[in-house]
Protein chains: 4
Amino acid sequence: MNYRPVTKEALSAFFDAEFPNNSLNIEMVGEKKARIRRTPNQADLRPGNTVSGPFMMSVVDTALYVAIMGELGLVALAVTTSLNFNFLRKPVANADVIAECELLKVGKKLVVGEVTLYSDGDDRPIAHAVGTYSLPA
Amino acid sequence: MNYRPVTKEALSAFFDAEFPNNSLNIEMVGEKKARIRRTPNQADLRPGNTVSGPFMMSVVDTALYVAIMGELGLVALAVTTSLNFNFLRKPVANADVIAECELLKVGKKLVVGEVTLYSDGDDRPIAHAVGTYSLPA
Amino acid sequence: MNYRPVTKEALSAFFDAEFPNNSLNIEMVGEKKARIRRTPNQADLRPGNTVSGPFMMSVVDTALYVAIMGELGLVALAVTTSLNFNFLRKPVANADVIAECELLKVGKKLVVGEVTLYSDGDDRPIAHAVGTYSLPA
Amino acid sequence: MNYRPVTKEALSAFFDAEFPNNSLNIEMVGEKKARIRRTPNQADLRPGNTVSGPFMMSVVDTALYVAIMGELGLVALAVTTSLNFNFLRKPVANADVIAECELLKVGKKLVVGEVTLYSDGDDRPIAHAVGTYSLPA
C-alpha cells in the first residue's frame, strides 16, 4: 500500500461525506499530531451541566483517527484495538470539547497515540486517553 | 452513608426516569454482578454492518453503573475515573449488545469492575473493559 | 508458521533453560488458559509485609506468555505491546503469588488476555490485568 | 495533612535510605513534573540485547512516585491503584532508562500522571504509561 498524508480540508470533506451533521472541526493535522473540536448537542449533555462520557470517548477516537489519516492517508480499514481513558475533571456543558492528539508510534502493524481533552476556554485537561489502532496488512 | 442493594426493577425504573427511551434492559443484578442488554438504534450503526465504538463504550459504562448501584444503592454521585477497553471482534449490527459485569473490588473510595461485551447470539466476546468508579466520601 | 500447543512440562523446561532460578511453577496450561505461581524472594518484598509491584507485574507478564505458548507453541518473537494493571488489595509477603490467565482473543496478529492475581490462601484478587501480545508475521 | 513540596536532594536521600543500591538518579522534580534515570543491572537484561519489561515498569512506577512526592511531600501511604503501559520500541541494553513524568491531575483522593520512557541517547519513546495513585484520607 502506498500511503500519503492528507490535508485537513481533505479529511474534513471525508468526514462530512461519511458522517453528515458530525459537528467535527479539524483545526490542525500533520507531523503525527491533530487538534480537533466538536460541539456537544442536546443528546450529549447530562444532568449537572456536563457532557456524557460516550461523547468524550467519541471525540478521542475521532482525534486518533484524524491523526492517523493525516499521517498515513485514508486508511479505511484501520480499526481501534484498545482505548484507555482517565477522566480528570468534569467537562462544561456549554463549551466545545477540544482534543489534542499526538501519535507515539507509527508502526507497520500498530499505531499508538495519546489524546488530551479540554473544555474550550479552560487549559486544565478534562480527560486523557491512549489508544491503539491496527493497520491492514 | 447507609447503602443498601436495590432490585433490577428499581434500577430499571430509575433509568427510565433519568434517561427516557434508553433501550436498556437489565437482565440481572446482584452479588457484585450485572447483566444488561441494549438494542443499537440507527444512529449507533456504522458502515460494514456493525455498531459504533461509542455505543459499545456506553453499554460498558452503564453495566458498571448498574452493578455498582445493585451493590451500593442509588449512589448518585459515583463518577467514572477510568475505563480501559480492548476491542476483540467486530460486533454485528442487527443484534443487541449484551454486557456481563463483575465487580473486582468494592472499596470505600473506589470500585473496580470488569465487563465483557457480546453480540446477542454469539458467545465470543466483542470487547472487554475494566473500569474504576470513585465513590463520594 | 505451523503452531502447535505445548505441555506444561515442555514449557517449564523452556523457562528453566532460559531463566535459571526463576521460581516459576506452571500449574496448568491449555485451552486458552494458564495458572502459574511464583514465590517472591527477599528482593521482591517491600516494607509493610508486602510484595513489590514489579514482582506482581512480572508474574502477570509471565502468565500471559505461558498461556500464549500453551496455545501457539514456543512463539519466541511474541512481544508485549500493552499491559493494563489494576491493583486491588495489598498482597501478603509470605505467600506465593498465583496468576490465573485466560486469553480473550487469539488473532493472527494480536493476542489479548486477562490475568487475575491472588496471594496463596486468599480467594480475593490482589490485582487484575489485561495484556496484548503482538505475534510475528 | 499539611503537604509541602520537597527537593530532589531530599527525595534522593529518602530513596537511598529506603532502597539501598537503587541505581536511581533524580534529575529534576517540581511543578508537577519529574525526570529520573536508572541504570539496568545484569538481572534486568534480557536476550536480544534489551531490558526486561518489569525493569521498565519499575522505572515508571518510581517516576510517578517521585513526581507525587515532589508535589505533595513524603506521602508514605500513597498507593498505586492502576498502571497502563504501552510498549513502543525495544529498549537498548547498554543505556540508562530515562523517565519523564507529568502529573495530569492532583486531586484530594487521586493523582493521575503520565510517563514517557526513553533509552538514553535516543529521543524516540520506548514506552508510555499512565498511572493512578490513591492518597490517604
# chains A, B, ... in the order shown; residues from 1 in each chain; ligands from 1

$ select_by_dssp --residues "range 5-130 of chain C" --states "strand (DSSP E)" --output "MDAnalysis selection string"
chainID C and resid 24:30 33:38 45:46 50:51 79:87 97:106 110:119 127:130

$ write_last_selection --atoms "N, CA and C atoms" --output "tab-separated table (two decimals), in the first residue's frame"
chain	number	residue	atom	x	y	z
C	24	LEU	N	9.44	-20.21	39.07
C	24	LEU	CA	8.15	-20.32	38.38
C	24	LEU	C	7.61	-21.73	38.46
C	25	ASN	N	6.33	-21.83	38.77
C	25	ASN	CA	5.66	-23.13	38.82
C	25	ASN	C	4.42	-23.06	37.92
C	26	ILE	N	4.45	-23.79	36.81
C	26	ILE	CA	3.30	-23.80	35.91
C	26	ILE	C	2.35	-24.90	36.36
C	27	GLU	N	1.19	-24.50	36.88
C	27	GLU	CA	0.27	-25.49	37.43
C	27	GLU	C	-0.67	-26.05	36.37
C	28	MET	N	-1.02	-25.21	35.40
C	28	MET	CA	-1.95	-25.67	34.37
C	28	MET	C	-1.75	-24.81	33.13
C	29	VAL	N	-1.87	-25.41	31.98
C	29	VAL	CA	-1.85	-24.64	30.74
C	29	VAL	C	-2.64	-25.41	29.68
C	30	GLY	N	-3.38	-24.66	28.87
C	30	GLY	CA	-4.14	-25.31	27.80
C	30	GLY	C	-5.52	-24.71	27.67
C	33	LYS	N	-5.99	-21.09	28.54
C	33	LYS	CA	-5.86	-20.70	29.94
C	33	LYS	C	-4.49	-21.11	30.48
C	34	ALA	N	-4.11	-20.47	31.58
C	34	ALA	CA	-2.92	-20.90	32.29
C	34	ALA	C	-3.08	-20.51	33.75
C	35	ARG	N	-2.44	-21.30	34.59
C	35	ARG	CA	-2.37	-20.98	36.03
C	35	ARG	C	-0.95	-21.22	36.47
C	36	ILE	N	-0.32	-20.14	36.96
C	36	ILE	CA	1.08	-20.27	37.41
C	36	ILE	C	1.19	-19.71	38.82
C	37	ARG	N	2.32	-20.02	39.47
C	37	ARG	CA	2.61	-19.41	40.77
C	37	ARG	C	4.10	-19.12	40.87
C	38	ARG	N	4.43	-18.09	41.61
C	38	ARG	CA	5.83	-17.80	41.89
C	38	ARG	C	5.99	-17.40	43.35
C	45	LEU	N	10.30	-8.34	48.22
C	45	LEU	CA	9.47	-7.91	49.35
C	45	LEU	C	9.59	-6.41	49.56
C	46	ARG	N	8.58	-5.84	50.21
C	46	ARG	CA	8.56	-4.41	50.50
C	46	ARG	C	8.15	-4.18	51.94
C	50	THR	N	4.71	-6.80	52.51
C	50	THR	CA	4.04	-6.98	51.23
C	50	THR	C	5.05	-7.24	50.11
C	51	VAL	N	4.53	-7.31	48.89
C	51	VAL	CA	5.30	-7.72	47.73
C	51	VAL	C	5.36	-6.54	46.75
C	79	VAL	N	5.83	-10.34	21.35
C	79	VAL	CA	6.26	-9.25	22.22
C	79	VAL	C	5.05	-8.59	22.87
C	80	THR	N	5.23	-8.19	24.12
C	80	THR	CA	4.17	-7.49	24.84
C	80	THR	C	4.01	-6.10	24.26
C	81	THR	N	2.79	-5.74	23.86
C	81	THR	CA	2.58	-4.38	23.35
C	81	THR	C	1.85	-3.50	24.36
C	82	SER	N	1.01	-4.10	25.21
C	82	SER	CA	0.38	-3.28	26.24
C	82	SER	C	0.05	-4.13	27.45
C	83	LEU	N	0.05	-3.50	28.61
C	83	LEU	CA	-0.36	-4.13	29.86
C	83	LEU	C	-1.11	-3.10	30.68
C	84	ASN	N	-2.29	-3.48	31.14
C	84	ASN	CA	-3.08	-2.57	31.97
C	84	ASN	C	-3.36	-3.25	33.31
C	85	PHE	N	-2.88	-2.64	34.40
C	85	PHE	CA	-3.00	-3.23	35.73
C	85	PHE	C	-3.95	-2.43	36.60
C	86	ASN	N	-4.76	-3.13	37.37
C	86	ASN	CA	-5.46	-2.53	38.49
C	86	ASN	C	-5.06	-3.28	39.75
C	87	PHE	N	-4.54	-2.53	40.72
C	87	PHE	CA	-4.08	-3.12	41.98
C	87	PHE	C	-5.23	-3.02	42.98
C	97	VAL	N	2.55	-15.85	44.88
C	97	VAL	CA	1.59	-15.11	44.06
C	97	VAL	C	1.12	-16.04	42.94
C	98	ILE	N	-0.20	-16.19	42.84
C	98	ILE	CA	-0.81	-17.09	41.86
C	98	ILE	C	-1.48	-16.25	40.78
C	99	ALA	N	-1.26	-16.64	39.53
C	99	ALA	CA	-1.88	-15.92	38.40
C	99	ALA	C	-2.78	-16.88	37.63
C	100	GLU	N	-4.01	-16.45	37.41
C	100	GLU	CA	-4.92	-17.21	36.54
C	100	GLU	C	-5.16	-16.38	35.30
C	101	CYS	N	-4.80	-16.95	34.15
C	101	CYS	CA	-4.85	-16.22	32.90
C	101	CYS	C	-5.87	-16.86	31.95
C	102	GLU	N	-6.61	-16.01	31.24
C	102	GLU	CA	-7.49	-16.50	30.19
C	102	GLU	C	-7.32	-15.62	28.96
C	103	LEU	N	-7.10	-16.25	27.82
C	103	LEU	CA	-6.95	-15.49	26.57
C	103	LEU	C	-8.33	-15.14	26.03
C	104	LEU	N	-8.54	-13.85	25.76
C	104	LEU	CA	-9.84	-13.38	25.29
C	104	LEU	C	-9.93	-13.43	23.77
C	105	LYS	N	-8.78	-13.29	23.12
C	105	LYS	CA	-8.74	-13.35	21.67
C	105	LYS	C	-7.37	-13.86	21.22
C	106	VAL	N	-7.38	-14.83	20.35
C	106	VAL	CA	-6.13	-15.30	19.74
C	106	VAL	C	-6.26	-15.03	18.24
C	110	LEU	N	-2.62	-10.28	16.86
C	110	LEU	CA	-2.64	-9.89	18.27
C	110	LEU	C	-3.30	-10.97	19.12
C	111	VAL	N	-2.78	-11.12	20.34
C	111	VAL	CA	-3.42	-11.95	21.34
C	111	VAL	C	-3.74	-11.05	22.54
C	112	VAL	N	-4.97	-11.14	23.03
C	112	VAL	CA	-5.39	-10.36	24.20
C	112	VAL	C	-5.80	-11.33	25.30
C	113	GLY	N	-5.28	-11.10	26.50
C	113	GLY	CA	-5.64	-11.97	27.61
C	113	GLY	C	-5.81	-11.19	28.90
C	114	GLU	N	-6.54	-11.80	29.83
C	114	GLU	CA	-6.68	-11.17	31.14
C	114	GLU	C	-6.09	-12.08	32.20
C	115	VAL	N	-5.61	-11.46	33.27
C	115	VAL	CA	-4.96	-12.19	34.35
C	115	VAL	C	-5.49	-11.68	35.68
C	116	THR	N	-5.82	-12.60	36.57
C	116	THR	CA	-6.19	-12.23	37.93
C	116	THR	C	-5.14	-12.82	38.87
C	117	LEU	N	-4.64	-11.96	39.76
C	117	LEU	CA	-3.60	-12.38	40.71
C	117	LEU	C	-4.18	-12.59	42.11
C	118	TYR	N	-3.64	-13.60	42.79
C	118	TYR	CA	-4.04	-13.88	44.17
C	118	TYR	C	-2.80	-14.11	45.03
C	119	SER	N	-2.92	-13.80	46.32
C	119	SER	CA	-1.97	-14.31	47.30
C	119	SER	C	-2.45	-15.70	47.69
C	127	ALA	N	-4.77	-8.26	42.29
C	127	ALA	CA	-4.60	-7.41	41.11
C	127	ALA	C	-5.27	-8.06	39.92
C	128	HIS	N	-5.60	-7.22	38.96
C	128	HIS	CA	-6.19	-7.70	37.70
C	128	HIS	C	-5.46	-6.99	36.57
C	129	ALA	N	-5.26	-7.70	35.47
C	129	ALA	CA	-4.53	-7.11	34.37
C	129	ALA	C	-5.08	-7.60	33.04
C	130	VAL	N	-4.93	-6.75	32.03
C	130	VAL	CA	-5.24	-7.14	30.66
C	130	VAL	C	-4.01	-6.81	29.82

$ select_by_dssp --residues "chain C" --states "helix (DSSP H, G or I)" --output "PyMOL selection string"
chain C and resi 8-18+42-44+53-72

$ write_last_selection --atoms "C-alpha atoms" --output "JSON list (two decimals), in the first residue's frame"
[["chain", "number", "residue", "atom", "x", "y", "z"],
["C", 8, "LYS", "CA", 3.32, -27.59, 30.87],
["C", 9, "GLU", "CA", 6.34, -29.87, 31.25],
["C", 10, "ALA", "CA", 7.82, -28.60, 27.98],
["C", 11, "LEU", "CA", 7.09, -25.00, 28.99],
["C", 12, "SER", "CA", 8.68, -25.50, 32.40],
["C", 13, "ALA", "CA", 11.79, -26.93, 30.77],
["C", 14, "PHE", "CA", 11.89, -23.95, 28.42],
["C", 15, "PHE", "CA", 11.68, -21.44, 31.27],
["C", 16, "ASP", "CA", 14.22, -23.33, 33.37],
["C", 17, "ALA", "CA", 16.66, -23.20, 30.47],
["C", 18, "GLU", "CA", 16.05, -19.55, 29.61],
["C", 42, "GLN", "CA", 13.87, -11.31, 49.51],
["C", 43, "ALA", "CA", 14.42, -8.67, 46.83],
["C", 44, "ASP", "CA", 10.71, -8.79, 45.87],
["C", 53, "GLY", "CA", 4.57, -4.00, 42.25],
["C", 54, "PRO", "CA", 7.20, -5.03, 39.69],
["C", 55, "PHE", "CA", 7.10, -8.59, 41.04],
["C", 56, "MET", "CA", 3.33, -8.73, 40.56],
["C", 57, "MET", "CA", 3.66, -7.21, 37.08],
["C", 58, "SER", "CA", 6.32, -9.76, 36.22],
["C", 59, "VAL", "CA", 4.04, -12.63, 37.25],
["C", 60, "VAL", "CA", 1.25, -11.22, 35.06],
["C", 61, "ASP", "CA", 3.51, -10.93, 32.04],
["C", 62, "THR", "CA", 4.79, -14.47, 32.54],
["C", 63, "ALA", "CA", 1.27, -15.89, 32.89],
["C", 64, "LEU", "CA", 0.25, -14.31, 29.59],
["C", 65, "TYR", "CA", 3.38, -15.62, 27.91],
["C", 66, "VAL", "CA", 2.75, -19.14, 29.24],
["C", 67, "ALA", "CA", -0.88, -19.12, 28.11],
["C", 68, "ILE", "CA", 0.10, -17.90, 24.64],
["C", 69, "MET", "CA", 2.82, -20.51, 24.26],
["C", 70, "GLY", "CA", 0.44, -23.15, 25.54],
["C", 71, "GLU", "CA", -1.88, -22.20, 22.71],
["C", 72, "LEU", "CA", 0.51, -21.35, 19.90]]

$ atom_distance --atom1 "CA of Asp96 in chain A" --atom2 "CA of Gly73 in chain A"
26.6 Å

$ atom_distance --atom1 "CA of Thr132 in chain C" --atom2 "CA of Pro20 in chain C"
25.7 Å
